[in-house]
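Visitor: What follows is the file input01.pdb, containing PDB, C-alpha atoms:
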```
ATOM      1  CA  MET A 214     119.946  94.746 116.987
ATOM      2  CA  ALA A 215     117.736  95.152 113.910
ATOM      3  CA  THR A 216     117.519  94.423 110.208
ATOM      4  CA  LEU A 217     117.596  97.089 107.502
ATOM      5  CA  GLU A 218     113.834  96.698 107.066
ATOM      6  CA  HIS A 219     113.238  97.183 110.787
ATOM      7  CA  LEU A 220     115.447 100.286 110.859
ATOM      8  CA  CYS A 221     113.363 101.716 107.995
ATOM      9  CA  ALA A 222     110.155 100.925 109.859
ATOM     10  CA  ILE A 223     111.322 102.854 112.937
ATOM     11  CA  GLY A 224     112.692 105.781 110.897
ATOM     12  CA  GLU A 225     116.415 105.218 111.461
ATOM     13  CA  LEU A 226     116.878 104.712 107.721
ATOM     14  CA  GLU A 227     114.904 105.893 104.678
ATOM     15  CA  LYS A 228     114.511 103.487 101.788
ATOM     16  CA  GLU A 229     114.990 104.965  98.306
ATOM     17  CA  GLU A 230     112.000 104.569  96.019
ATOM     18  CA  ALA A 231     113.587 105.128  92.618
ATOM     19  CA  ASP A 232     111.468 106.238  89.672
ATOM     20  CA  LEU A 233     111.405 103.019  87.661
ATOM     21  CA  ASP A 234     109.600 102.390  84.394
ATOM     22  CA  ALA A 235     106.868  99.746  84.190
ATOM     23  CA  ASP A 236     109.335  97.204  82.731
ATOM     24  CA  GLU A 237     112.047  97.774  85.375
ATOM     25  CA  LEU A 238     112.547  96.121  88.740
ATOM     26  CA  PRO A 239     114.751  97.198  91.648
ATOM     27  CA  LEU A 240     117.672  94.749  91.693
ATOM     28  CA  ARG A 241     119.558  96.523  94.473
ATOM     29  CA  LEU A 242     118.431  98.324  97.626
ATOM     30  CA  LEU A 243     119.534 101.801  98.611
ATOM     31  CA  TYR A 244     118.901 103.511 101.941
ATOM     32  CA  PHE A 245     119.585 107.015 103.205
ATOM     33  CA  ALA A 246     120.444 108.079 106.733
ATOM     34  CA  PRO A 247     117.586 110.223 108.078
ATOM     35  CA  GLY A 248     117.577 113.544 106.228
ATOM     36  CA  ALA A 249     120.570 112.608 104.072
ATOM     37  CA  ARG A 250     118.719 112.726 100.760
ATOM     38  CA  ALA A 251     117.281 116.156 101.511
ATOM     39  CA  ARG A 252     120.725 117.380 102.629
ATOM     40  CA  ILE A 253     122.404 116.183  99.423
ATOM     41  CA  VAL A 254     119.625 117.569  97.230
ATOM     42  CA  GLY A 255     119.910 120.882  99.101
ATOM     43  CA  LYS A 256     123.636 121.070  98.312
ATOM     44  CA  LEU A 257     123.256 120.128  94.650
ATOM     45  CA  ARG A 258     120.060 121.931  93.642
ATOM     46  CA  PRO A 259     121.634 125.433  93.439
ATOM     47  CA  LEU A 260     124.488 124.183  91.249
ATOM     48  CA  ALA A 261     124.220 124.865  87.539
ATOM     49  CA  ARG A 262     125.414 122.507  84.852
ATOM     50  CA  CYS A 263     129.204 122.757  84.596
ATOM     51  CA  ARG A 264     130.768 123.820  81.324
ATOM     52  CA  GLY A 265     131.149 120.890  78.953
ATOM     53  CA  ARG A 266     128.639 118.672  80.775
ATOM     54  CA  ASN A 267     125.317 117.371  79.521
ATOM     55  CA  THR A 268     123.709 117.280  82.963
ATOM     56  CA  ALA A 269     123.634 119.255  86.210
ATOM     57  CA  PRO A 270     125.035 117.804  89.470
ATOM     58  CA  LEU A 271     121.547 117.089  90.862
ATOM     59  CA  GLU A 272     120.648 115.183  87.685
ATOM     60  CA  GLN A 273     123.870 113.183  87.955
ATOM     61  CA  PHE A 274     122.993 112.303  91.554
ATOM     62  CA  GLU A 275     119.492 111.106  90.654
ATOM     63  CA  GLN A 276     120.808 109.164  87.658
ATOM     64  CA  ILE A 277     123.505 107.259  89.554
ATOM     65  CA  ILE A 278     121.013 106.371  92.292
ATOM     66  CA  TYR A 279     118.638 105.077  89.607
ATOM     67  CA  GLU A 280     121.431 103.106  87.889
ATOM     68  CA  TYR A 281     122.416 101.489  91.190
ATOM     69  CA  VAL A 282     118.848 100.484  92.080
ATOM     70  CA  VAL A 283     117.988  99.181  88.616
ATOM     71  CA  GLY A 284     121.129  97.029  88.533
ATOM     72  CA  LYS A 285     123.290  98.747  85.904
ATOM     73  CA  SER A 286     127.020  98.050  85.712
ATOM     74  CA  LEU A 287     129.043  99.895  88.337
ATOM     75  CA  ALA A 288     132.470  99.044  86.960
ATOM     76  CA  TYR A 289     133.630  98.479  83.394
ATOM     77  CA  SER A 290     137.386  98.483  83.926
ATOM     78  CA  VAL A 291     139.985  99.666  86.384
ATOM     79  CA  ASP A 292     139.713 103.139  84.834
ATOM     80  CA  ARG A 293     135.954 103.403  84.757
ATOM     81  CA  ARG A 294     134.083 102.790  88.006
ATOM     82  CA  LYS A 295     131.014 104.483  89.336
ATOM     83  CA  LEU A 296     131.484 103.147  92.855
ATOM     84  CA  ASP A 297     134.867 102.970  94.558
ATOM     85  CA  PRO A 298     136.133 101.960  97.996
ATOM     86  CA  ILE A 299     137.887 104.734  99.958
ATOM     87  CA  THR A 300     138.990 103.244 103.279
ATOM     88  CA  MET A 301     137.495 101.585 106.408
ATOM     89  CA  ASP A 302     134.789  99.932 104.269
ATOM     90  CA  VAL A 303     133.499 103.338 103.218
ATOM     91  CA  TRP A 304     132.582 103.704  99.551
ATOM     92  CA  GLU A 305     131.863 106.596  97.228
ATOM     93  CA  PHE A 306     129.559 106.860  94.244
ATOM     94  CA  LYS A 307     131.256 108.925  91.564
ATOM     95  CA  THR A 308     129.704 111.104  88.873
ATOM     96  CA  PRO A 309     131.542 113.806  86.921
ATOM     97  CA  ASP A 310     130.571 116.453  89.516
ATOM     98  CA  VAL A 311     129.319 114.646  92.627
ATOM     99  CA  ARG A 312     130.637 112.278  95.295
ATOM    100  CA  ILE A 313     128.228 110.313  97.527
ATOM    101  CA  PHE A 314     129.459 108.566 100.661
ATOM    102  CA  GLY A 315     128.184 105.449 102.392
ATOM    103  CA  TRP A 316     128.795 101.769 102.923
ATOM    104  CA  VAL A 317     127.670  98.269 101.972
ATOM    105  CA  PRO A 318     125.795  96.597 104.848
ATOM    106  CA  ARG A 319     124.618  93.584 102.811
ATOM    107  CA  LYS A 320     125.216  92.265  99.337
ATOM    108  CA  ALA A 321     123.374  94.473  96.799
ATOM    109  CA  SER A 322     122.470  97.026  99.499
ATOM    110  CA  PHE A 323     123.962 100.456 100.158
ATOM    111  CA  ILE A 324     123.433 103.083 102.864
ATOM    112  CA  VAL A 325     124.113 106.726 101.933
ATOM    113  CA  LEU A 326     125.143 109.163 104.650
ATOM    114  CA  ASP A 327     126.194 112.254 102.738
ATOM    115  CA  GLY A 328     127.263 113.725  99.424
ATOM    116  CA  GLU A 329     129.275 116.661  98.212
ATOM    117  CA  PRO A 330     130.023 118.450  94.949
ATOM    118  CA  LYS A 331     133.323 117.167  93.606
ATOM    119  CA  ALA A 332     134.569 120.752  93.353
ATOM    120  CA  ASN A 333     134.673 120.849  97.180
ATOM    121  CA  LEU A 334     136.848 117.719  97.361
ATOM    122  CA  THR A 335     139.920 118.740  95.447
ATOM    123  CA  LYS A 336     142.366 117.020  97.821
ATOM    124  CA  PHE A 337     142.179 113.519  99.264
ATOM    125  CA  LYS A 338     142.447 114.823 102.841
ATOM    126  CA  MET A 339     139.114 116.569 102.313
ATOM    127  CA  TYR A 340     137.484 113.117 102.255
ATOM    128  CA  ALA A 341     138.443 112.438 105.886
ATOM    129  CA  PRO A 342     135.430 114.138 107.555
ATOM    130  CA  TYR A 343     133.028 112.191 105.336
ATOM    131  CA  VAL A 344     134.770 108.875 106.017
ATOM    132  CA  GLN A 345     134.743 109.595 109.756
ATOM    133  CA  ALA A 346     131.070 110.569 109.637
ATOM    134  CA  VAL A 347     130.153 107.316 107.863
ATOM    135  CA  VAL A 348     132.152 105.233 110.360
ATOM    136  CA  ALA A 349     130.566 107.088 113.313
ATOM    137  CA  PHE A 350     127.014 106.768 111.977
ATOM    138  CA  ARG A 351     127.563 103.088 111.181
ATOM    139  CA  GLY A 352     128.916 102.519 114.692
ATOM    140  CA  GLN A 353     125.877 103.950 116.453
ATOM    141  CA  LEU A 354     123.339 102.347 114.074
ATOM    142  CA  ASN A 355     121.512  99.481 115.758
ATOM    143  CA  LEU A 356     122.108  97.150 112.776
ATOM    144  CA  ASP A 357     122.635  93.388 112.932
ATOM    145  CA  ALA A 358     126.298  92.374 112.677
ATOM    146  CA  PRO A 359     128.232  92.529 110.462
ATOM    147  CA  LYS A 360     127.349  96.162 109.946
ATOM    148  CA  ALA A 361     129.563  96.425 106.868
ATOM    149  CA  LEU A 362     130.798  94.016 104.241
ATOM    150  CA  GLY A 363     134.533  94.277 103.664
ATOM    151  CA  GLY A 364     136.555  93.745 100.542
ATOM    152  CA  VAL A 365     136.666  95.367  97.158
ATOM    153  CA  ASN A 366     135.420  92.514  94.983
ATOM    154  CA  TYR A 367     132.399  93.810  93.119
ATOM    155  CA  ASN A 368     130.952  90.330  92.630
ATOM    156  CA  ASP A 369     130.955  89.761  96.394
ATOM    157  CA  LEU A 370     129.330  93.088  97.208
ATOM    158  CA  PHE A 371     126.978  93.919  94.356
TER
ATOM    159  CA  MET B 831     111.376 115.770 102.533
ATOM    160  CA  THR B 832     110.473 112.229 101.503
ATOM    161  CA  SER B 833     112.547 110.229  99.065
ATOM    162  CA  SER B 834     109.920 110.686  96.358
ATOM    163  CA  GLU B 835     110.407 114.469  96.310
ATOM    164  CA  ALA B 836     113.019 116.419  94.366
ATOM    165  CA  LYS B 837     113.374 113.869  91.578
ATOM    166  CA  ILE B 838     113.964 114.875  87.971
ATOM    167  CA  ALA B 839     110.880 115.985  85.998
ATOM    168  CA  PRO B 840     109.684 113.190  83.655
ATOM    169  CA  ARG B 841     110.510 115.052  80.443
ATOM    170  CA  ARG B 842     114.047 115.891  81.554
ATOM    171  CA  ARG B 843     114.434 112.383  83.003
ATOM    172  CA  THR B 844     113.997 110.939  79.493
ATOM    173  CA  TYR B 845     117.091 112.855  78.399
ATOM    174  CA  VAL B 846     119.155 112.035  81.495
ATOM    175  CA  ARG B 847     118.301 108.315  81.212
ATOM    176  CA  LEU B 848     119.166 108.328  77.505
ATOM    177  CA  LEU B 849     122.586 109.769  78.300
ATOM    178  CA  GLY B 850     123.077 107.180  81.024
ATOM    179  CA  GLU B 851     122.189 104.424  78.568
ATOM    180  CA  ILE B 852     124.639 105.793  75.994
ATOM    181  CA  TYR B 853     127.521 105.891  78.490
ATOM    182  CA  ASP B 854     126.622 102.422  79.746
ATOM    183  CA  GLN B 855     126.554 100.956  76.222
ATOM    184  CA  LEU B 856     129.811 102.644  75.179
ATOM    185  CA  ASN B 857     131.699 101.463  78.246
ATOM    186  CA  GLN B 858     130.188  98.006  77.961
ATOM    187  CA  ALA B 859     131.253  97.816  74.312
ATOM    188  CA  LEU B 860     134.812  98.898  75.126
ATOM    189  CA  SER B 861     134.947  96.363  77.937
ATOM    190  CA  GLU B 862     133.774  93.579  75.581
ATOM    191  CA  GLU B 863     136.136  94.590  72.780
ATOM    192  CA  HIS B 864     138.988  94.746  75.287
ATOM    193  CA  ALA B 865     138.214  91.230  76.462
ATOM    194  CA  ALA B 866     137.803  89.921  72.901
ATOM    195  CA  GLN B 867     140.690  91.586  71.098
ATOM    196  CA  GLY B 868     142.513  93.780  73.577
ATOM    197  CA  LEU B 869     141.060  97.074  72.296
ATOM    198  CA  THR B 870     141.926 100.055  74.516
ATOM    199  CA  GLN B 871     140.930 103.709  74.723
ATOM    200  CA  ALA B 872     144.306 104.489  73.134
ATOM    201  CA  ASP B 873     143.405 102.300  70.126
ATOM    202  CA  VAL B 874     140.034 104.045  69.781
ATOM    203  CA  ALA B 875     141.811 107.413  70.022
ATOM    204  CA  ARG B 876     144.277 106.412  67.290
ATOM    205  CA  SER B 877     141.507 105.327  64.929
ATOM    206  CA  LEU B 878     139.722 108.668  65.428
ATOM    207  CA  ASP B 879     142.930 110.724  65.362
ATOM    208  CA  VAL B 880     142.298 112.255  68.794
ATOM    209  CA  THR B 881     144.010 111.958  72.188
ATOM    210  CA  ARG B 882     143.314 109.207  74.705
ATOM    211  CA  SER B 883     142.265 111.884  77.189
ATOM    212  CA  TYR B 884     139.565 113.032  74.750
ATOM    213  CA  ILE B 885     138.168 109.484  74.559
ATOM    214  CA  SER B 886     138.340 109.083  78.340
ATOM    215  CA  LYS B 887     136.437 112.333  78.946
ATOM    216  CA  LYS B 888     133.799 111.470  76.371
ATOM    217  CA  MET B 889     133.261 108.015  77.832
ATOM    218  CA  ASN B 890     132.983 109.063  81.470
ATOM    219  CA  GLY B 891     130.719 112.074  80.918
ATOM    220  CA  THR B 892     133.172 114.825  81.861
ATOM    221  CA  SER B 893     132.986 116.166  78.308
ATOM    222  CA  ASN B 894     129.650 116.578  76.606
ATOM    223  CA  MET B 895     128.135 113.932  74.365
ATOM    224  CA  THR B 896     126.678 114.768  70.960
ATOM    225  CA  LEU B 897     125.232 112.531  68.276
ATOM    226  CA  GLU B 898     128.396 113.063  66.225
ATOM    227  CA  THR B 899     130.585 112.047  69.170
ATOM    228  CA  LEU B 900     128.454 108.965  69.712
ATOM    229  CA  ALA B 901     128.798 108.007  66.052
ATOM    230  CA  ASP B 902     132.573 108.587  66.165
ATOM    231  CA  LEU B 903     132.966 106.437  69.266
ATOM    232  CA  ALA B 904     130.852 103.680  67.727
ATOM    233  CA  PHE B 905     133.106 103.825  64.659
ATOM    234  CA  GLY B 906     136.214 103.636  66.852
ATOM    235  CA  LEU B 907     134.750 100.675  68.717
ATOM    236  CA  ASN B 908     133.742  99.018  65.431
ATOM    237  CA  ARG B 909     130.142  98.894  66.591
ATOM    238  CA  LYS B 910     126.921  99.696  64.792
ATOM    239  CA  ILE B 911     124.358 101.947  66.475
ATOM    240  CA  LYS B 912     120.729 100.882  66.560
ATOM    241  CA  VAL B 913     118.013 103.297  67.626
ATOM    242  CA  ILE B 914     114.799 101.828  68.973
ATOM    243  CA  LEU B 915     111.856 103.872  70.174
ATOM    244  CA  GLN B 916     109.906 101.370  72.215
ATOM    245  CA  PRO B 917     106.260 101.916  73.091
ATOM    246  CA  ASN B 918     105.845 102.992  76.683
ATOM    247  CA  ILE B 919     104.696  99.887  78.533
ATOM    248  CA  ALA B 920     102.518 101.843  80.953
ATOM    249  CA  ALA B 921     100.748 103.422  77.941
ATOM    250  CA  ILE B 922     100.232  99.984  76.346
ATOM    251  CA  VAL B 923      98.625  98.658  79.500
ATOM    252  CA  SER B 924      96.254 101.604  79.719
ATOM    253  CA  ASN B 925      95.499 101.462  75.973
ATOM    254  CA  HIS B 926      94.505  97.797  76.179
ATOM    255  CA  SER B 927      91.724  98.640  78.548
ATOM    256  CA  ARG B 928      90.179 101.037  76.022
ATOM    257  CA  ASP B 929      88.206 100.422  72.829
ATOM    258  CA  PRO B 930      90.260 101.088  69.678
ATOM    259  CA  LEU B 931      90.000 104.595  68.275
ATOM    260  CA  PRO B 932      88.404 104.957  64.784
ATOM    261  CA  MET B 933      90.669 105.766  61.852
ATOM    262  CA  MET B 934      90.106 109.119  60.206
ATOM    263  CA  GLY B 935      86.948 109.006  58.052
ATOM    264  CA  GLU B 936      85.651 105.838  59.700
ATOM    265  CA  GLN B 937      82.675 105.531  61.950
ATOM    266  CA  SER B 938      83.384 104.549  65.515
ATOM    267  CA  PRO B 939      83.487 100.773  65.819
ATOM    268  CA  PRO B 940      81.011  99.189  68.207
ATOM    269  CA  PRO B 941      82.245  98.909  71.802
ATOM    270  CA  LEU B 942      84.151  95.703  72.517
ATOM    271  CA  LYS B 943      81.451  94.543  74.948
ATOM    272  CA  ASP B 944      78.979  94.380  72.010
ATOM    273  CA  LYS B 945      81.327  91.996  70.153
ATOM    274  CA  LEU B 946      81.429  89.469  72.985
ATOM    275  CA  PRO B 947      79.154  86.364  72.772
ATOM    276  CA  GLN B 948      75.786  87.103  74.358
ATOM    277  CA  PRO B 949      74.308  84.796  77.033
ATOM    278  CA  VAL B 950      72.139  81.992  75.567
ATOM    279  CA  SER B 951      68.496  82.482  76.544
ATOM    280  CA  LYS B 952      67.131  79.317  74.862
ATOM    281  CA  LEU B 953      68.951  76.037  74.195
ATOM    282  CA  PRO B 954      68.829  74.449  70.714
ATOM    283  CA  PRO B 955      66.105  71.715  70.428
ATOM    284  CA  MET B 956      68.577  68.772  70.470
ATOM    285  CA  PHE B 957      69.966  69.923  73.851
ATOM    286  CA  GLU B 958      66.435  70.448  75.222
ATOM    287  CA  GLU B 959      65.594  66.798  74.331
ATOM    288  CA  LYS B 960      68.801  65.519  75.894
ATOM    289  CA  LEU B 961      68.049  67.405  79.096
ATOM    290  CA  LYS B 962      64.551  65.920  79.244
ATOM    291  CA  GLU B 963      66.046  62.419  78.788
ATOM    292  CA  MET B 964      68.510  62.976  81.598
ATOM    293  CA  ALA B 965      65.770  64.301  83.857
ATOM    294  CA  GLY B 966      63.740  61.170  83.120
ATOM    295  CA  VAL B 967      66.683  58.903  84.054
ATOM    296  CA  GLY B 968      67.095  60.642  87.382
ATOM    297  CA  ALA B 969      63.371  60.464  88.262
TER
END
```
Would you kindly transcribe this structure into structure tokens?
Guide:
Amino acid sequence: MATLEHLCAIGELEKEEADLDADELPLRLLYFAPGARARIVGKLRPLARCRGRNTAPLEQFEQIIYEYVVGKSLAYSVDRRKLDPITMDVWEFKTPDVRIFGWVPRKASFIVLDGEPKANLTKFKMYAPYVQAVVAFRGQLNLDAPKALGGVNYNDLF
Amino acid sequence: MTSSEAKIAPRRRTYVRLLGEIYDQLNQALSEEHAAQGLTQADVARSLDVTRSYISKKMNGTSNMTLETLADLAFGLNRKIKVILQPNIAAIVSNHSRDPLPMMGEQSPPPLKDKLPQPVSKLPPMFEEKLKEMAGVGA
């Protein structure tokens, strides 16, 4: 069994190095499964800005990753959350046009496995493969127990 | 691909971060006003004579943000907007290591190193005498 840092050192996870300004510090840690960032970027890069939006899907992805790392609010009310639990301790980051799937292994830490344009997830049953993939990846990852924090209380998790 | 690749270009990033800050501040303000006096999106919509759905879309980024929309939402939230253009901290740090630039029409000021106190090559007479006294005591 290994820590998150050890898994990064042996290449089983990739730590996100967000573009922070000189007066910003990373207050949360974000990791990608090997190749996950490139896979998500590959899906989002060809997508143009949707009608009525200020930003393109890839820009939304980079911005929400930055906001997570720099410690911005993830929930303002029941109606307005940027990070939501789905099921089986799998969570999704939400932007207007993108969904990013992963889980919370430690307080203020998140591991991303995959992402998808929201347009491809029009029905809830379409989430199932992503949830199953996260659960499967988490199961085989040689991470110290507990591998995932449960619950939906933001103060406990972030 | 490493995690440092495929990020947003710095110029575009300024815009994307600004938008993120605007949405964060608007939602934070609504959250605070809701806690303080029970203000809801429906109340904001009523004060602006628009639908609640319009407010919701503007506040979660699914409908585009303009300066006029921002001003309207601030009005509906009874908040005042302040715009601050802060100096870039990285630029300040690098500027501090350089000599100041001359103003137009001025001659270049002397380099900062020339303004620093120079090493003393000869002590004033009173210190020379004191040193001789001390040397005599030790002998």
Visitor: Which residues match the PyMOL selection byres ((chain A) within 8 of (chain B)) in the file above, as a PyMOL selection string?
Guide: chain A and resi 227-231+234-236+248+250-251+254+265-268+272+275-276+285-286+289-290+293+309
Visitor: When you count only C-alpha atoms, which of these residues is closest to Tyr853 (chain B): B:Asp873, B:Gly868, B:Leu903, B:Ser883?
Guide: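 The shortest atom-to-atom distance to Tyr853 (chain B) comes from B:Leu903.
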Visitor: For this structure, which residues satisfy the selection - the PyMOL selection byres ((chain B and resi 907-910) around 8) - when it is evaluated on the file as given? I want them as a VMD selection string.
Guide: chain B and resid 859 to 860 863 874 903 to 906 911 to 912
Visitor: Can you pull out the residues contacting Val317 (chain A)? Cut-off 8 Å, using only C-alpha atoms, and skip same-chain residues under 2 positions away; I want them as a short mmCIF file (atom, residue, chain, number, x, y, z; two decimals) with C-alpha atoms, in the frame of the given file.
Guide:
```
data_model
loop_
_atom_site.label_atom_id
_atom_site.label_comp_id
_atom_site.auth_asym_id
_atom_site.auth_seq_id
_atom_site.Cartn_x
_atom_site.Cartn_y
_atom_site.Cartn_z
CA ASP A 302 134.79 99.93 104.27
CA VAL A 303 133.50 103.34 103.22
CA TRP A 304 132.58 103.70 99.55
CA GLY A 315 128.18 105.45 102.39
CA ARG A 319 124.62 93.58 102.81
CA LYS A 320 125.22 92.26 99.34
CA ALA A 321 123.37 94.47 96.80
CA SER A 322 122.47 97.03 99.50
CA PHE A 323 123.96 100.46 100.16
CA ILE A 324 123.43 103.08 102.86
CA ALA A 361 129.56 96.42 106.87
CA LEU A 362 130.80 94.02 104.24
CA LEU A 370 129.33 93.09 97.21
#
```
Visitor: Just how far from CA of Gly328 (chain A) is CA of Cys221 (chain A), in Å to one decimal?
Guide: 20.3 Å
